[in-house]
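J.: Just passing along the structure, written as structure tokens.
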Amino acid sequence: MNRNILISFGFHIFLVIITAMSLPFLAQKTINLPPIVSVELIQITDKTNIPFAPKAKKIIEKVKEKEKKLVSEQAPPKKIKKQKPDAIPLPDEKIEKIKKIKDEKQNPEKLETEVKQISEFEKKELFDTNNIAALIDKSKVENAKTNKKLDKVTQNQDKEMNFGRLTLSEEDALKAQIFGCWSIPLGLPYNENLLVRIKLQLKPDGSIIRTEILDHARMNKPGQGFYKVLAESALRAIKLCQPLRVPSKGYERWKELQLNFDAREMLEG
Amino acid sequence: MILRYLIILLILLPIKAFALIEVDITRGNLNPLPVAVSPLSIDEKSKNSFNKILKKKNIGVEIAVIVENNLKQSGLFNPLNKDAFLQKPDIANLKPRFEDWNLIKAQALITGKVTFVDEKLRVEFRLWDVLAGKEMMALAFTTVPSNWRRVGHIITDKVYERLTGENGYFDTRIIYVSEKGPKTNRIKKLAIMDQDGFNNKYLTLGNELVLTPRFSPTNQMVTYLSYFKNLPRVYLLDIETGLQEVVGDFPGMTFAPRFSPDGKKIIMSFAQDGNSDIYTMDLENRIVERITNHPSIDTSPSFSPDGKYITFNSDRSGYQQIYVMNNNGKNVKRISFGNGLYGTPVWSPRGDLIAFTKLHKGKFYIGVMRTDGTGERLLTENFYQEAPSWSPNGRVLIFYRETKTNAKGEGFSAKLWSIDLTGYNEKMVETENDASDPSWSSLLSN
Amino acid sequence: MNLSKILKNGFIILVASLVLTACATQKKTTGQLQGDVYTGSDSVEYLASGVPDRVFFATNEIVLTTASRETLRKQAAWLRKNSDINIVLEGHADERGTREYNLALGERRANSAKDYLMTYGISSNRISVLSYGKERPVDSGSNPLAWSKNRRSVSVKAN
């Protein structure tokens with residue numbers, strides 16, 4: 001017994017000595033200060049002046065979004081039922097899941113089996129992205145022509161800009177107001193398309209003349225009962241928030257407004 | 001690059017001259033929806049009749065209180081204080097003045113009327129959208145006066161369905177084991193109560209140990225484990241008549257019983273010579289069928305709602321894990337793969353999820369996973385908790401918890417708890433005594 | 001290398017390792033527990049002088065330890081001497097598990113003991129098995145020692 005203790009002790013001391021010899025010195029390391037990056041604070045003004053390229057990109061993306069949404073809404077209810085409902089995913093899986101669901105919805109097997117009630121106004125906005133693709137190919141040929149038009153477009157673009165959007169601060173103000181009014185029904189299925197688009201006609205003081213739910217037909221589709229519930233909650237939010245926080249000027253550009261309520265972000269957690 | 005976009009802009013400009021401004025609303029609040037539950041209006045004659053029969057002074061108020069409590073307990077609604085109501089029940093029922101209800105911030109309003117007609121209780125109620133200023137729903141039904149509590153639950157179910165898009169779960173009952181006494185010698189009785197804790201009734205006397213009661217889908221019968229005469233066996237109990245009978249004629253312990261979704265079979269474990277396997281017995285022709293045949297412990301079986309699959313607990317891999325197989329015992333697949341031990345799998349009535357108990361590093365968890373084992377989500381953690389049971393709409397889980405005892409072995413208690421599938425609204429379910437092994441019935445009104 | 005630096009480091013390491021060894025998990029053989037199995041005499045009763053009535057198990061285990069087998073041999077001997085006595089083997093589990101699985105585990109433990117008794121010549125129709133799962137703990141504490149006392153198979157005289 002004692003011999004064993006002695007041998008064990010000896011080995012331990014041996015190990016200690018070895019470690020002591022090779023232990024790195026805790027020398028003072030020099031601190032590397034990262035170079036100072038200068039940041040410029042930009043004032044958010046009433047008029048937004050965003051340069052061309054990102055703006056155009058946004059419009060194109062928006063158009064693509066619309067295409068996606070239209071396509072998914074036309075998918076028959078059977079297709080949606082067959083998808084295995086996913087549980088609320090763990091944070092790591094969230095991003096993958098959203099991608100996956102978007103992919104699935106882009107490839108429905110059947111299109112246009114249901115007649116969709118689209119408002120007249122909306123029809124005008126639809127255009128074929130294929131046409132644009134064709135045009136893009138031609139763009140190289142028409143380089144010279146467009147160069148000349150550049151300056152003219154700049155001026156026009158400036159004016160048109162304000163017709164196409166609210167400024168950042170105007171949009172944020174309206175969003176913040178509606179966020180506070182919208183009670184999202186917790187009972188909604190988190191794995192379904194939870195987008196309700198509502199068109200509003202407004203008075204100059206922000207009160208509502210008329211509301212119209214786009215995709216109205218979906219309200220009574222079997223298996224989509226939650227859509228009715230969702231749409232009603234959005235309508236309640238709008239009514240609760242009257243008068244809406246609308247910009248003080250430029251009634252012509254925002255007298256008709258479309259609010260896209262999407263509950264998915266909140267419910268997917 | 002920029003040139004392409006310029007060309008597109010040129011095309012867009014003439015069309016989008018007055019482009020419709022779109023604003024994306026992607027956030028809201030998850031606050032419970034404020035609703036006003038107006039007391040049901042009732043005429044004097046009916047009021048007196050009900051008082052005589054039911055010993056309740058104002059049944060219109062009582063029923064409204066049930067609806068209010070149910071809505072509040074669900075965690076999704078915020079019933080407003082009655083003292084602030086401006087309109088009286090009888091006027092409100094005919095045509096509410098929405099401005100009055102808007103003033104107290106109600107977004108939905110429930111009004112109604114109750115009358116005593118032909119010895120029966122007749123109720124009509126309406127659900128109003130206060131902001132839109134119109135009626136959302138109007139229903140009427142008649143029943144025996146003694147069912148007055150169920151009337152409140154049924155109204156809640158209809159309102160819940162209309163406002164959330166989901167089926168309700170309020171007109172249901174819970175069966176459980178009521179327990180008392182020292183931890184080393186607990187007295188256990190079968191008990192049944194309404195989902196809101198009222199109408200509690202004991203079904204056994206406490207002379208023998210009773211465990212794990214489960215409802216039949218038809219709600220007439222209950223199956224459970226009893227140690228009558230010191231022989232642990234699965235029994236059937238008829239709630240209405242009180243009659244009990246042993247299930248089958250097994251030469252050893254049978255336990256962990258459940259009904260098949262059509263109510264025609266009992267599925268359970270049978271233990272012999274150290275091995276527990278899963279068996280079914282047909283209640284009509286009494287034919288017994290063996291489902292698993294493996295030297296491991298196979299227990300806690302639960303059918304899928306379409307009756308095609310069975311999920312169960314087995315230690316065939318060395319430790320307790322969850323498996324799924326066809327209802328004939330073929331095609332056994334393991335679905336739990338996380339760290340820890342898994343037990344008590346129970347298939348959701350919606351068919352989409354399996355709830356379970358998990359033990360890991362000395363802590364117990366209640367969780368759910370998809371039926372293929374993916375998407376495991378733990379909802380709550382505790383020193384000791386187990387045996388989740390689903391509400392009939394597959395949204396709420398009820399389970400039980402036990403507390404740690406102190407150094408002297410004192411302070412033991414067992415209570416029922418419930419939690420929403422989203423992980424919110426975790427709360428204790430009040431019972432007269434300690435309670436364990438809860439099981440939720442399906443909707444009574446079906 | 002600086003000698004004082006070596007000594008300083010050596011000292012730090014020595015102290016650190018001493019501290020660590022002190023914090024190591026307690027060596028399992030205390031007076032009452034070996035590994036996870038209860039070895040004490042608290043709660044043990046006797047079928048006859050020198051014949052303990054129960055054997056204990058590790059968490060989730062049904063394996064019989066050396067001590068358990070010794071106890072069972074004594075029981076077998078006593079049963080051979082008293083051939084008119086029948087027994088019931090009551091199997092139990094601790095509370096750290098799900099209820100239904102514990103019922104099965106208790107049954108397995110009791111059968112483990114029964115099989116061993118049978119190898120010592122006790123006929124199986126003298127031994128019946130009954131599982132109580134976690135329903136009848138002998139110690140109501142919520143600690144490993146209490147739990148180890150509850151993981152048991154108890155031989156009870158049936159007549």
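To be explicit about the labels: the chains of the structure tokens are called A, B, and onward in the order shown, and within each one the residues are counted from 1, while ligands get numbers from 1 in the order they are shown.
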Check which residues of chain B sit at most 7 Å from chain C using only C-alpha atoms, and return one row each with the closest pair of atoms and their distance in Å to one decimal, ordered by chain and rising number, as a Markdown table.
T.:
```
| residue | atom | partner | partner_atom | distance |
| --- | --- | --- | --- | --- |
| B:Lys183 | CA | C:Ser140 | CA | 5.9 |
| B:Thr184 | CA | C:Pro137 | CA | 5.2 |
| B:Asn185 | CA | C:Arg136 | CA | 6.2 |
| B:Ala256 | CA | C:Glu100 | CA | 6.0 |
| B:Ala271 | CA | C:Ala104 | CA | 6.8 |
| B:Asp273 | CA | C:Asn111 | CA | 5.9 |
| B:Gly274 | CA | C:Arg108 | CA | 4.0 |
| B:Asn275 | CA | C:Arg108 | CA | 6.8 |
| B:Ser276 | CA | C:Ala104 | CA | 6.4 |
| B:Ile297 | CA | C:Ala104 | CA | 6.7 |
| B:Thr299 | CA | C:Tyr101 | CA | 6.6 |
| B:Ser300 | CA | C:Glu100 | CA | 6.6 |
| B:Gly343 | CA | C:Thr98 | CA | 6.5 |
| B:Glu386 | CA | C:Thr98 | CA | 6.5 |
| B:Lys404 | CA | C:Ser142 | CA | 5.7 |
| B:Thr405 | CA | C:Ser142 | CA | 5.5 |
| B:Asn406 | CA | C:Gly141 | CA | 6.9 |
| B:Ala407 | CA | C:Gly141 | CA | 6.6 |
| B:Gly409 | CA | C:Gly141 | CA | 4.5 |
```
J.: Please save C-alpha atoms of the selected residues as a tab-separated table (two decimals), in the first residue's frame.
T.:
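The resulting out.tsv:
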```tsv
chain	number	residue	atom	x	y	z
B	183	LYS	CA	-45.90	9.73	0.47
B	184	THR	CA	-45.16	6.21	1.65
B	185	ASN	CA	-48.82	5.25	1.69
B	256	ALA	CA	-50.92	1.56	-19.06
B	271	ALA	CA	-46.01	-7.98	-18.00
B	273	ASP	CA	-41.55	-13.04	-16.40
B	274	GLY	CA	-39.85	-9.68	-16.48
B	275	ASN	CA	-40.99	-8.76	-19.98
B	276	SER	CA	-43.70	-6.16	-20.82
B	297	ILE	CA	-40.08	-3.17	-21.79
B	299	THR	CA	-45.37	0.36	-22.57
B	300	SER	CA	-47.39	3.63	-22.68
B	343	GLY	CA	-41.45	8.45	-21.93
B	386	GLU	CA	-44.88	13.84	-16.43
B	404	LYS	CA	-39.41	17.90	-3.66
B	405	THR	CA	-39.59	16.94	-0.01
B	406	ASN	CA	-37.34	18.52	2.58
B	407	ALA	CA	-34.69	16.76	4.64
B	409	GLY	CA	-39.30	13.97	4.01
```
J.: Find the residues around Asn382 (chain B) up to 10 Å (only C-alpha atoms counted), leave out those fewer than 5 positions away in its own chain, and share them as a PyMOL selection string.
T.: chain B and resi 359+362-366+401-403
J.: Hey, what does DSSP flag as strand (DSSP E or B) within region 309-385 of chain B? Can you give it to me as a count of residues only?
T.: 44
J.: Determine the nearest neighbour of chain B from the options A:Arg3, A:Lys228, A:Arg245, A:Lys203, counting only C-alpha atoms.
T.: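 When distances to chain B are compared using only C-alpha atoms, the smallest one comes from A:Lys228.
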J.: Near Pro79 (chain B), counting only C-alpha atoms, which residues have an atom at most 12 Å away, once you skip same-chain residues fewer than 5 positions from it, shown as a list in words?
T.: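 Neighbouring residues, sequence-local ones excluded: Pro32, Leu33, Pro34, Val35, Ala36, Val37, Ser38, Ala64, Val65, Ile66, Val67, Glu68, Asn69, Asn70, Leu71, Lys72, Gln73, Ser74, Ala84, Phe85, Ile104, Lys105, Ala106, Gln107, Ala108, Leu109 and Ile110 of chain B.
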J.: Taking the DSSP secondary structure from the backbone, can you list the residues of region 91-128 of chain C that are alpha helix (DSSP H), as a ChimeraX atom specification?
T.: /C:99-119
J.: Distance cut-off 8 Å, counting only C-alpha atoms - which residues of chain A neighbour chain C? Return them as number ranges by chain.
T.: A: 16-17, 19-21, 23
J.: Mind giving me the straight-line distance from CA of Glu245 (chain B) to CA of Ile291 (chain B) in Å, one decimal?
T.: 22.8 Å
J.: Which residues come within 9 Å of region 129-132 of chain B, counting only C-alpha atoms, excluding same-chain residues fewer than 6 positions away, as an MDAnalysis selection string?
T.: (chainID A and resid 235:237 239:240) or (chainID B and resid 96 98:99 101:102 106:109)
J.: Find the residues around Pro257 (chain B) up to 10 Å (only C-alpha atoms counted), leave out those fewer than 6 positions away in its own chain, and share them as an NGL selection string.
T.: (:B and (211-214 or 222-225 or 233-236 or 247 or 266-270 or 278-280 or 299-302)) or (:C and (100))
J.: Name the residues in contact with region 51-54 of chain C at a cut-off of 7 Å, using only C-alpha atoms, excluding same-chain residues fewer than 5 positions from it; report them as an MDAnalysis selection string.
T.: chainID C and resid 44:46 71 74:75 152:155
J.: Write out as a list in words which residues come within 8 Å of Lys175 (chain A) when counting only C-alpha atoms, dropping same-chain ones fewer than 3 positions away.
T.: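 Counting only C-alpha atoms, the residues come to Glu171, Asp172, Ile178 and Phe179 of chain A; Val23, Asp24 and Ile25 of chain B.
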J.: Between CA of Asp282 (chain B) and CA of Tyr176 (chain B), what is the spacing in Å?
T.: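 According to the coordinates, CA of Tyr176 (chain B) and CA of Asp282 (chain B) are separated by 24.4 Å.
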J.: Using only C-alpha atoms, which of the listed residues (A:Pro247, A:Gly225, A:Gly10, A:Pro204) sits closest to chain B?
T.: A:Gly225
J.: Using Å and a single decimal, report how far CA of Leu267 (chain A) sits from CA of Asp157 (chain B).
T.: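 Interatomic distance here is 22.6 Å.
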J.: Taking only C-alpha atoms into account, which of B:Glu430, B:Asp420, B:Asp315, B:Asp352 comes nearest chain A?
T.: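 Nearest candidate to chain A out of B:Glu430, B:Asp420, B:Asp315, B:Asp352: B:Asp352.
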